[in-house]
Amino acid sequence: MVKTQATPEQSGSPSARKEGSGVPRLLLLDGHSMAFRAFFALPVDKFATSTGQSTNAVYGFTSMLIKLLRDERPTHVAVAWDRSEPTFRHEVYDAYKAGRAETPPEFPGQVALLQELLGLMGVASLSVAGFEADDLIATLAVEGGAKGMEVLIASGDRDAFQLVTDTCTVLYPGKSLSDLTRMTPSAVETKYGVSPQRYRDLAALVGEKSDNLPGVPGVGPKTAAKWIAKYGSLDDLIARADEITGKAGQSFRDHLDDVLRNQRLNALSTDVEIGVPVEELTMGAWDRPGINTLFDTLEFAGTLRERLFSVLGEEDAAGSGEGSPASDEGFEVELVSPVAGELGAWLERHAGPDGRCGLAVTGSWGRGTGEITGLAIATPAGTAVHVDPAGLDAADESALAAWLADPDRTKAVHDAKGPMLALAAHGWDLAGLTADTALAAYLALPGQRNVGLGDLCLRYLNRELSPQEEGGRQLALDIDGGGDAAEALRRDLALRARATLELADALDADLERRGATRLLREVELPLVRVLAAMERTGIAADRAYLDELEAEFAAAVRQAVQEAHRVVGREFNLGSPKQLQQILFTELDLPKTKRIKTGYTTDADALAWLATRTDNELPVILLRHRDQTKLRTTVEGLIKTIADDGRIHTTFNQMIAATGRLSSTDPNLQNIPVRTDAGRRIRRAFVVGEGYEHLLTADYSQIELRIMAHLSGDESLIEAFETGHDFHSEIAARVFGVPAGQVGGEERARIKAMNYGLAYGLSAFGLSQQLGTTPEEARRLMDDYFAQFGRVRDYLHEVVEQARRAGYTETMLGRRRYLPDLTSDNRQRREMAERMALNAPIQGSAADIIKVAMLDVDAALREGGFSSRLLLQVHDELVLEVVADELDAVRKLVSENMANAYDLRVPLAVSVGVGPNWHDAAH
């Protein structure tokens, strides 16, 4: 019997820390101080949710707290916070802390989130009116020391050094959050030349800039420390002030009032009425579901969540996780090893059609292929078998292949597309897939960025997987070497298979509760096989043509560089924002763009704006340089990904976009520009492969607008589609009250922007940016639009309000997107969530429809015995490779299946094109 169990000692749970030492250990954190450190340690632009909520301070603070809990193992913990109202120090000195830089707007909202998280963790957050966090910490430190506690203070405020004793240590942050210096009595004396008891005296002499407490001019820490060492204390120094000679002595006497004021203000209060005895500051029960919900809202990846749960431990959880009772055990499985030739018999007895099995695969996969290094099957009864593909005899390999390909032998796999590719490369088919735990989690938790097996086991089963068990994709199984290491790797893979099986059951129940079971079984799961086949097939690429394009774009980049150097009169780095700022706004004195942290922005929008405000050539040259550089980079990336078979095998991602849209990586074929001639030329590199005659492309015409008409039920909008006229001109005619034939190009463009803007949740400000008008003009245009299409306005209002009540939006096929920020007190986050609520049902429904179309087209091709095949899905477009004598039949098959993928009030319109390459097949 193989069993793993996360014991309290291993997980670093509070109970382990209590038992680890006879002396209670009190950890006190200065909340604002450490949160500010976290805020400035992590770039704010890299840590934000899709609704615009900054999260860098929350992430950094949480990471630091996890490290403290893990390394220090405190028995008691509290976080003290400053308050917004003045303290007693402001009453003494009204300029106290005046002149501080304005708090970054991205910071304050994160404090409330941190306090919410601490509450969910069972950690006390403390504040008292009229006092600073330092005073609460000083009070608790003194009380804790008096009661025999060892005290640790995490703070970036040097005033805390006056609290340091043999039993009280300050953990002072260095250059990074993880770099905490232990300020003991000897460390304080070594760094500042005074004992902790005299640090307050030194600070009074030197002053504290951050608190707006000026010190004695000309007196630095070394001079102050020398005086204190000589005279014993600040009081003695003041009593003998006349004995100090030189300019420093006179400066001291001239500023004696400032020194006395500083000494009074930097003294920490040790008698604050906090209301909580220090012995009651143990960590309380923590709320796993609450933390999961908050982390989902903050869109934190699974790594931080796993680290936090690991350090909190299991037995102090306030309640069960989602879908399974709480447990302090890991996963348990009996690993068996059938003798050669007996694998088929074992599979028949233990992995038959009566119960689903868990399947886990190790190896590598990507770019349409892969290899297997190990495979494990876990049965419902708790047994499991590990298989080394390289060591199978003919009988066992045949039996395993038959079991894998049997649709009646149902299986649960985590993130099945990769293993499916690896199995296919080995010549094995995978059928009977009734659960993909990664896909199921994606549908249940579309806002979560990480759907790793370990994270999901913690969330749904309250159980942990070791890093080895959680691995899977690139886990090396050196079973040829034998020994304990090989046996451990076999066990880990078996436990992964077991965990997948148990997790699948929990996720089945959760999807049923969320109404997503049908979407998983009828759309997402069948699509795994289709996408795997498309990745294996790839699309042929003309390498010679791409090489020519790369050379052409490289030459254009060099020319742009030369022209820019000519205009400026010297060489400079066109990719350096700092140098561009110096040249554009200082040397050339061009109009200032939007102010940013490092000066004035030089992004593409700013350069385009500059180009309209000046006759100088440089902004236009810089824009051309960026365009050509991007095109060259795109082509270089394509060349690098051409496989030995002459084809490019992109990877399709089902679990990235919360709306359900597929994405493409390695290379990203959705990122190829199609609105410029240069971008369209890149598509010519994608050609028909050997044995085929045509590329066929088919896409939906105005699918988002047709869905909006369907969902809103607006009769005027539906009628505009039914006229058969140009849709945007027809809408413009109705809005502007003119015949359709008299609609000008500008009017049509404005209404086209409006049509798509509404489908994408565009605000009046966003529309004004697109049209180059004022928000007021855009608002009037929207009012004119809604005067003609009132049901659209009502629908857009209703969808937001319904989502606000339910907490989520829903597509026509039941795909949900959860938007907790719809009820946020933060206006920016709430408005961003409202735009998502407008966008998600339309964009998500379009994503669902194209997926259904892919399934129907693929099924029709297979059932009809066609040799033609699906290659790509890009946005609303399908690309197929067609043999010569199947063109007419495939054209009809694709058009009909795409048009009938969903029955809308406005029929789906499909455009089809054919050609020798992707560009020429456009329509």
# chains A, B, ... in the order shown; residues from 1 in each chain; ligands from 1
>>> residues_around(residues="A:Val259", least_positions_apart="5", cutoff="12 Å", atoms="only C-alpha atoms", output="number ranges by chain")
A: 200-208, 213-217, 219, 224, 234-235, 237-238, 251-254, 264-266
>>> write_last_selection(atoms="N, CA and C atoms", output="compact mmCIF listing (two decimals), in the first residue's frame")
# COMPACT_ATOMS: atom_id res chain seq x y z
N ARG A 200 16.38 55.91 20.00
CA ARG A 200 15.44 57.03 19.99
C ARG A 200 16.19 58.35 20.14
N ASP A 201 17.24 58.37 20.97
CA ASP A 201 18.04 59.58 21.15
C ASP A 201 18.75 59.95 19.86
N LEU A 202 19.33 58.94 19.20
CA LEU A 202 20.02 59.19 17.93
C LEU A 202 19.05 59.73 16.90
N ALA A 203 17.85 59.13 16.81
CA ALA A 203 16.86 59.57 15.83
C ALA A 203 16.41 61.00 16.11
N ALA A 204 16.35 61.39 17.38
CA ALA A 204 15.95 62.75 17.71
C ALA A 204 16.98 63.76 17.19
N LEU A 205 18.25 63.40 17.24
CA LEU A 205 19.31 64.28 16.76
C LEU A 205 19.37 64.35 15.23
N VAL A 206 19.23 63.18 14.62
CA VAL A 206 19.37 63.10 13.17
C VAL A 206 18.10 63.52 12.45
N GLY A 207 16.93 63.27 13.08
CA GLY A 207 15.65 63.57 12.46
C GLY A 207 15.16 62.40 11.61
N GLU A 208 13.93 62.53 11.12
CA GLU A 208 13.34 61.49 10.28
C GLU A 208 12.58 62.18 9.16
N LEU A 213 10.38 65.34 10.37
CA LEU A 213 11.02 65.75 11.61
C LEU A 213 12.47 66.11 11.30
N PRO A 214 12.74 67.41 11.08
CA PRO A 214 14.11 67.79 10.75
C PRO A 214 15.04 67.63 11.95
N GLY A 215 16.26 67.14 11.67
CA GLY A 215 17.25 66.99 12.72
C GLY A 215 18.16 68.19 12.80
N VAL A 216 19.27 68.02 13.49
CA VAL A 216 20.24 69.10 13.64
C VAL A 216 21.05 69.21 12.36
N PRO A 217 21.03 70.35 11.68
CA PRO A 217 21.82 70.51 10.45
C PRO A 217 23.30 70.22 10.71
N VAL A 219 24.60 67.39 11.47
CA VAL A 219 24.81 66.28 12.40
C VAL A 219 24.21 65.02 11.80
N ALA A 224 26.10 61.88 15.85
CA ALA A 224 25.11 61.69 16.91
C ALA A 224 25.50 60.50 17.79
N LEU A 234 20.76 61.28 25.55
CA LEU A 234 20.40 62.58 25.01
C LEU A 234 20.15 63.57 26.13
N ASP A 235 19.54 63.13 27.21
CA ASP A 235 19.28 64.03 28.34
C ASP A 235 20.60 64.57 28.90
N LEU A 237 23.39 64.73 27.24
CA LEU A 237 23.97 65.57 26.19
C LEU A 237 23.38 66.98 26.26
N ILE A 238 22.07 67.07 26.44
CA ILE A 238 21.40 68.38 26.51
C ILE A 238 21.90 69.15 27.73
N SER A 251 25.22 74.34 16.10
CA SER A 251 24.00 73.93 15.40
C SER A 251 23.08 73.18 16.35
N PHE A 252 23.68 72.34 17.19
CA PHE A 252 22.88 71.58 18.16
C PHE A 252 22.17 72.54 19.12
N ARG A 253 22.88 73.50 19.62
CA ARG A 253 22.27 74.43 20.57
C ARG A 253 21.20 75.27 19.89
N ASP A 254 21.44 75.67 18.61
CA ASP A 254 20.45 76.48 17.89
C ASP A 254 19.16 75.71 17.61
N ARG A 264 10.24 63.73 21.81
CA ARG A 264 8.89 63.52 22.32
C ARG A 264 8.02 62.75 21.33
N LEU A 265 8.17 63.05 20.03
CA LEU A 265 7.31 62.45 19.02
C LEU A 265 7.73 61.04 18.63
N ASN A 266 9.03 60.74 18.68
CA ASN A 266 9.42 59.40 18.23
C ASN A 266 9.36 58.35 19.34
>>> closest_residue(among="A:Asn668, A:Gln702, A:Gln828, A:Thr51", to="A:Ile842", atoms="only C-alpha atoms")
A:Gln702
>>> closest_atom_pairs(of="stretch 663-706 of chain A", to="stretch 530-536 of chain A", cutoff="12 Å", atoms="only C-alpha atoms", output="JSON lines")
{"residue": "A:Ser663", "atom": "CA", "partner": "A:Leu531", "partner_atom": "CA", "distance": 11.4}
{"residue": "A:Ser664", "atom": "CA", "partner": "A:Glu535", "partner_atom": "CA", "distance": 10.5}
{"residue": "A:Thr665", "atom": "CA", "partner": "A:Glu535", "partner_atom": "CA", "distance": 11.1}
{"residue": "A:Asp666", "atom": "CA", "partner": "A:Glu535", "partner_atom": "CA", "distance": 11.0}
{"residue": "A:Pro667", "atom": "CA", "partner": "A:Glu535", "partner_atom": "CA", "distance": 11.6}
>>> write_last_selection(atoms="C-alpha atoms", output="PDB file, in the first residue's frame")
ATOM      1  CA  SER A 663      -6.237  31.217 -28.297  1.00  0.00           C
ATOM      2  CA  SER A 664      -3.175  30.162 -30.254  1.00  0.00           C
ATOM      3  CA  THR A 665       0.461  29.999 -29.123  1.00  0.00           C
ATOM      4  CA  ASP A 666       3.860  28.867 -30.362  1.00  0.00           C
ATOM      5  CA  PRO A 667       3.251  30.549 -32.778  1.00  0.00           C
TER       6      PRO A 667
END
>>> select_by_dssp(residues="stretch 22-77 of chain A", states="helix (DSSP H, G or I)", output="MDAnalysis selection string")
chainID A and resid 31:41 44:46 56:72
>>> write_last_selection(atoms="C-alpha atoms", output="PDB file, in the first residue's frame")
ATOM      1  CA  GLY A  31       0.575  46.599   8.048  1.00  0.00           C
ATOM      2  CA  HIS A  32       0.954  49.831   6.101  1.00  0.00           C
ATOM      3  CA  SER A  33       4.739  49.786   6.296  1.00  0.00           C
ATOM      4  CA  MET A  34       5.075  46.286   4.885  1.00  0.00           C
ATOM      5  CA  ALA A  35       2.253  46.783   2.369  1.00  0.00           C
ATOM      6  CA  PHE A  36       4.008  49.892   1.025  1.00  0.00           C
ATOM      7  CA  ARG A  37       7.232  47.932   0.757  1.00  0.00           C
ATOM      8  CA  ALA A  38       5.372  45.269  -1.221  1.00  0.00           C
ATOM      9  CA  PHE A  39       3.710  47.897  -3.412  1.00  0.00           C
ATOM     10  CA  PHE A  40       7.008  49.435  -4.494  1.00  0.00           C
ATOM     11  CA  ALA A  41       8.827  46.094  -4.726  1.00  0.00           C
ATOM     12  CA  VAL A  44       1.961  47.884 -10.324  1.00  0.00           C
ATOM     13  CA  ASP A  45       1.417  47.532 -14.084  1.00  0.00           C
ATOM     14  CA  LYS A  46       2.223  43.804 -13.922  1.00  0.00           C
ATOM     15  CA  ASN A  56       0.869  44.143  -6.330  1.00  0.00           C
ATOM     16  CA  ALA A  57       0.733  45.127  -2.645  1.00  0.00           C
ATOM     17  CA  VAL A  58      -1.623  42.260  -1.808  1.00  0.00           C
ATOM     18  CA  TYR A  59       0.503  39.729  -3.669  1.00  0.00           C
ATOM     19  CA  GLY A  60       3.799  40.945  -2.217  1.00  0.00           C
ATOM     20  CA  PHE A  61       2.507  41.280   1.347  1.00  0.00           C
ATOM     21  CA  THR A  62       0.918  37.827   1.206  1.00  0.00           C
ATOM     22  CA  SER A  63       4.097  36.273  -0.164  1.00  0.00           C
ATOM     23  CA  MET A  64       6.133  37.904   2.593  1.00  0.00           C
ATOM     24  CA  LEU A  65       3.667  36.798   5.286  1.00  0.00           C
ATOM     25  CA  ILE A  66       3.749  33.213   4.013  1.00  0.00           C
ATOM     26  CA  LYS A  67       7.532  33.227   4.320  1.00  0.00           C
ATOM     27  CA  LEU A  68       7.358  34.616   7.850  1.00  0.00           C
ATOM     28  CA  LEU A  69       4.797  32.038   8.962  1.00  0.00           C
ATOM     29  CA  ARG A  70       6.812  29.229   7.409  1.00  0.00           C
ATOM     30  CA  ASP A  71      10.252  30.290   8.630  1.00  0.00           C
ATOM     31  CA  GLU A  72       9.435  31.791  12.036  1.00  0.00           C
TER      32      GLU A  72
END
>>> residues_around(residues="A:Glu834", least_positions_apart="4", cutoff="8 Å", atoms="only C-alpha atoms", output="number ranges by chain")
A: 761, 800, 822, 830, 838
>>> write_last_selection(atoms="N, CA and C atoms", output="CSV table (one decimal), in the first residue's frame")
chain,number,residue,atom,x,y,z
A,761,GLY,N,-19.1,46.1,-25.3
A,761,GLY,CA,-19.2,46.8,-24.0
A,761,GLY,C,-18.5,48.2,-24.0
A,800,VAL,N,-26.7,43.7,-17.4
A,800,VAL,CA,-25.8,44.1,-16.3
A,800,VAL,C,-26.5,43.9,-15.0
A,822,LEU,N,-19.0,43.6,-9.8
A,822,LEU,CA,-20.2,44.3,-10.2
A,822,LEU,C,-20.8,45.0,-9.0
A,830,ARG,N,-15.9,48.5,-10.6
A,830,ARG,CA,-17.3,48.3,-10.9
A,830,ARG,C,-17.6,48.5,-12.4
A,838,LEU,N,-21.4,43.3,-20.2
A,838,LEU,CA,-22.0,43.6,-21.5
A,838,LEU,C,-21.4,42.8,-22.6
>>> atom_distance(atom1="atom CA of A:Leu298", atom2="atom CA of A:Ala438")
19.8 Å
>>> residues_around(residues="A:Glu886", least_positions_apart="3", cutoff="10 Å", atoms="only C-alpha atoms", output="number ranges by chain")
A: 693-694, 866-868, 882-883, 889-891
>>> write_last_selection(atoms="N, CA and C atoms", output="PDB file, in the first residue's frame")
ATOM      1  N   GLU A 693      -5.139  20.221 -52.762  1.00  0.00           N
ATOM      2  CA  GLU A 693      -5.237  21.151 -53.885  1.00  0.00           C
ATOM      3  C   GLU A 693      -5.583  22.570 -53.460  1.00  0.00           C
ATOM      4  N   HIS A 694      -6.361  22.726 -52.402  1.00  0.00           N
ATOM      5  CA  HIS A 694      -6.866  24.040 -52.037  1.00  0.00           C
ATOM      6  C   HIS A 694      -6.805  24.250 -50.519  1.00  0.00           C
ATOM      7  N   PHE A 866     -14.434  11.873 -46.047  1.00  0.00           N
ATOM      8  CA  PHE A 866     -13.637  12.850 -46.782  1.00  0.00           C
ATOM      9  C   PHE A 866     -12.162  12.768 -46.378  1.00  0.00           C
ATOM     10  N   SER A 867     -11.290  13.092 -47.301  1.00  0.00           N
ATOM     11  CA  SER A 867      -9.863  13.224 -46.998  1.00  0.00           C
ATOM     12  C   SER A 867      -9.505  14.641 -46.589  1.00  0.00           C
ATOM     13  N   SER A 868     -10.340  15.592 -46.947  1.00  0.00           N
ATOM     14  CA  SER A 868     -10.115  16.988 -46.559  1.00  0.00           C
ATOM     15  C   SER A 868     -10.173  17.098 -45.039  1.00  0.00           C
ATOM     16  N   VAL A 882      -8.101  20.969 -48.599  1.00  0.00           N
ATOM     17  CA  VAL A 882      -9.086  20.234 -49.378  1.00  0.00           C
ATOM     18  C   VAL A 882      -8.418  19.543 -50.565  1.00  0.00           C
ATOM     19  N   VAL A 883      -8.782  18.266 -50.761  1.00  0.00           N
ATOM     20  CA  VAL A 883      -8.278  17.548 -51.941  1.00  0.00           C
ATOM     21  C   VAL A 883      -9.088  17.989 -53.152  1.00  0.00           C
ATOM     22  N   ALA A 889     -18.152  19.620 -52.585  1.00  0.00           N
ATOM     23  CA  ALA A 889     -18.846  18.964 -51.478  1.00  0.00           C
ATOM     24  C   ALA A 889     -18.412  19.552 -50.136  1.00  0.00           C
ATOM     25  N   VAL A 890     -17.120  19.816 -49.990  1.00  0.00           N
ATOM     26  CA  VAL A 890     -16.624  20.359 -48.719  1.00  0.00           C
ATOM     27  C   VAL A 890     -17.108  21.793 -48.531  1.00  0.00           C
ATOM     28  N   ARG A 891     -17.120  22.565 -49.610  1.00  0.00           N
ATOM     29  CA  ARG A 891     -17.623  23.936 -49.513  1.00  0.00           C
ATOM     30  C   ARG A 891     -19.062  23.930 -48.988  1.00  0.00           C
TER      31      ARG A 891
END
>>> atom_distance(atom1="atom CA of A:Trp286", atom2="atom CA of A:Leu308")
11.0 Å
>>> residues_around(residues="A:Ile291", least_positions_apart="6", cutoff="10 Å", atoms="only C-alpha atoms", output="mmCIF file with N, CA and C atoms, in the first residue's frame")
data_model
loop_
_atom_site.group_PDB
_atom_site.id
_atom_site.type_symbol
_atom_site.label_atom_id
_atom_site.label_comp_id
_atom_site.auth_asym_id
_atom_site.auth_seq_id
_atom_site.Cartn_x
_atom_site.Cartn_y
_atom_site.Cartn_z
ATOM 1 N N GLU A 116 -9.160 41.983 4.478
ATOM 2 C CA GLU A 116 -10.120 40.907 4.223
ATOM 3 C C GLU A 116 -9.417 39.556 4.201
ATOM 4 N N LEU A 117 -8.264 39.490 3.533
ATOM 5 C CA LEU A 117 -7.516 38.239 3.465
ATOM 6 C C LEU A 117 -7.050 37.803 4.854
ATOM 7 N N LEU A 118 -6.542 38.733 5.643
ATOM 8 C CA LEU A 118 -6.090 38.387 6.993
ATOM 9 C C LEU A 118 -7.242 37.822 7.823
ATOM 10 N N GLY A 119 -8.426 38.411 7.673
ATOM 11 C CA GLY A 119 -9.582 37.877 8.381
ATOM 12 C C GLY A 119 -9.896 36.450 7.972
ATOM 13 N N LEU A 120 -9.790 36.172 6.667
ATOM 14 C CA LEU A 120 -10.035 34.815 6.183
ATOM 15 C C LEU A 120 -8.964 33.844 6.669
ATOM 16 N N MET A 121 -7.754 34.350 6.908
ATOM 17 C CA MET A 121 -6.662 33.514 7.405
ATOM 18 C C MET A 121 -6.738 33.291 8.909
ATOM 19 N N THR A 297 -11.062 36.304 -7.355
ATOM 20 C CA THR A 297 -11.396 37.683 -7.685
ATOM 21 C C THR A 297 -10.139 38.480 -8.035
ATOM 22 N N ARG A 305 -1.500 30.527 -3.888
ATOM 23 C CA ARG A 305 -2.567 29.860 -3.150
ATOM 24 C C ARG A 305 -2.047 28.581 -2.491
ATOM 25 N N LEU A 308 0.198 29.362 0.432
ATOM 26 C CA LEU A 308 -0.561 29.820 1.587
ATOM 27 C C LEU A 308 -1.249 28.653 2.279
ATOM 28 N N PHE A 309 -1.930 27.805 1.515
ATOM 29 C CA PHE A 309 -2.619 26.667 2.117
ATOM 30 C C PHE A 309 -1.635 25.721 2.793
ATOM 31 N N ARG A 459 -8.308 22.837 -3.446
ATOM 32 C CA ARG A 459 -9.577 23.563 -3.449
ATOM 33 C C ARG A 459 -10.781 22.644 -3.247
#
>>> atom_distance(atom1="atom CA of A:Glu371", atom2="atom CA of A:Asp396")
18.5 Å
>>> residues_around(residues="A:Asp876", least_positions_apart="2", cutoff="8 Å", atoms="only C-alpha atoms", output="number ranges by chain")
A: 699-700, 846-847, 850, 873-874, 878
>>> write_last_selection(atoms="N, CA and C atoms", output="PDB file, in the first residue's frame")
ATOM      1  N   ASP A 699     -15.771  31.949 -42.672  1.00  0.00           N
ATOM      2  CA  ASP A 699     -15.974  32.636 -41.395  1.00  0.00           C
ATOM      3  C   ASP A 699     -17.371  33.226 -41.332  1.00  0.00           C
ATOM      4  N   TYR A 700     -17.728  33.572 -40.100  1.00  0.00           N
ATOM      5  CA  TYR A 700     -19.042  34.152 -39.857  1.00  0.00           C
ATOM      6  C   TYR A 700     -19.014  35.645 -40.160  1.00  0.00           C
ATOM      7  N   ALA A 846     -20.516  33.782 -29.216  1.00  0.00           N
ATOM      8  CA  ALA A 846     -19.813  33.622 -30.497  1.00  0.00           C
ATOM      9  C   ALA A 846     -18.751  32.530 -30.381  1.00  0.00           C
ATOM     10  N   ALA A 847     -18.051  32.486 -29.241  1.00  0.00           N
ATOM     11  CA  ALA A 847     -17.041  31.443 -29.029  1.00  0.00           C
ATOM     12  C   ALA A 847     -17.681  30.069 -28.992  1.00  0.00           C
ATOM     13  N   ILE A 850     -18.772  28.956 -32.689  1.00  0.00           N
ATOM     14  CA  ILE A 850     -17.702  28.497 -33.582  1.00  0.00           C
ATOM     15  C   ILE A 850     -17.169  27.138 -33.122  1.00  0.00           C
ATOM     16  N   GLN A 873      -8.414  27.257 -36.508  1.00  0.00           N
ATOM     17  CA  GLN A 873      -9.514  28.126 -36.135  1.00  0.00           C
ATOM     18  C   GLN A 873      -8.901  29.413 -35.642  1.00  0.00           C
ATOM     19  N   VAL A 874      -9.223  30.514 -36.290  1.00  0.00           N
ATOM     20  CA  VAL A 874      -8.697  31.821 -35.911  1.00  0.00           C
ATOM     21  C   VAL A 874      -9.874  32.779 -35.808  1.00  0.00           C
ATOM     22  N   LEU A 878     -12.604  29.367 -39.939  1.00  0.00           N
ATOM     23  CA  LEU A 878     -12.043  28.023 -40.039  1.00  0.00           C
ATOM     24  C   LEU A 878     -11.228  27.924 -41.317  1.00  0.00           C
TER      25      LEU A 878
END
>>> decode(residues="stretch 792-807 of chain A", atoms="N, CA and C atoms", output="compact mmCIF listing (two decimals), in the first residue's frame")
# COMPACT_ATOMS: atom_id res chain seq x y z
N VAL A 792 -32.26 47.28 -27.76
CA VAL A 792 -30.83 47.07 -27.53
C VAL A 792 -30.42 47.75 -26.23
N ARG A 793 -30.87 49.00 -26.06
CA ARG A 793 -30.57 49.71 -24.81
C ARG A 793 -31.12 48.95 -23.62
N ASP A 794 -32.36 48.48 -23.72
CA ASP A 794 -32.97 47.76 -22.59
C ASP A 794 -32.21 46.47 -22.30
N TYR A 795 -31.81 45.77 -23.36
CA TYR A 795 -31.07 44.52 -23.16
C TYR A 795 -29.75 44.78 -22.45
N LEU A 796 -29.01 45.82 -22.90
CA LEU A 796 -27.71 46.11 -22.30
C LEU A 796 -27.87 46.47 -20.83
N HIS A 797 -28.94 47.16 -20.50
CA HIS A 797 -29.20 47.50 -19.10
C HIS A 797 -29.57 46.25 -18.32
N GLU A 798 -30.44 45.44 -18.91
CA GLU A 798 -30.92 44.25 -18.20
C GLU A 798 -29.81 43.24 -17.95
N VAL A 799 -28.89 43.07 -18.92
CA VAL A 799 -27.86 42.06 -18.77
C VAL A 799 -26.91 42.42 -17.62
N VAL A 800 -26.65 43.72 -17.44
CA VAL A 800 -25.80 44.14 -16.33
C VAL A 800 -26.52 43.95 -15.00
N GLU A 801 -27.77 44.35 -14.93
CA GLU A 801 -28.50 44.23 -13.67
C GLU A 801 -28.72 42.77 -13.29
N GLN A 802 -28.99 41.94 -14.27
CA GLN A 802 -29.15 40.52 -13.98
C GLN A 802 -27.85 39.92 -13.49
N ALA A 803 -26.75 40.31 -14.11
CA ALA A 803 -25.45 39.81 -13.66
C ALA A 803 -25.13 40.33 -12.27
N ARG A 804 -25.52 41.54 -11.96
CA ARG A 804 -25.27 42.09 -10.63
C ARG A 804 -26.03 41.28 -9.57
N ARG A 805 -27.25 40.88 -9.91
CA ARG A 805 -28.03 40.07 -8.96
C ARG A 805 -27.49 38.66 -8.83
N ALA A 806 -27.16 38.06 -9.97
CA ALA A 806 -26.73 36.65 -9.95
C ALA A 806 -25.25 36.49 -9.62
N GLY A 807 -24.45 37.51 -9.94
CA GLY A 807 -23.01 37.42 -9.74
C GLY A 807 -22.27 36.92 -10.97
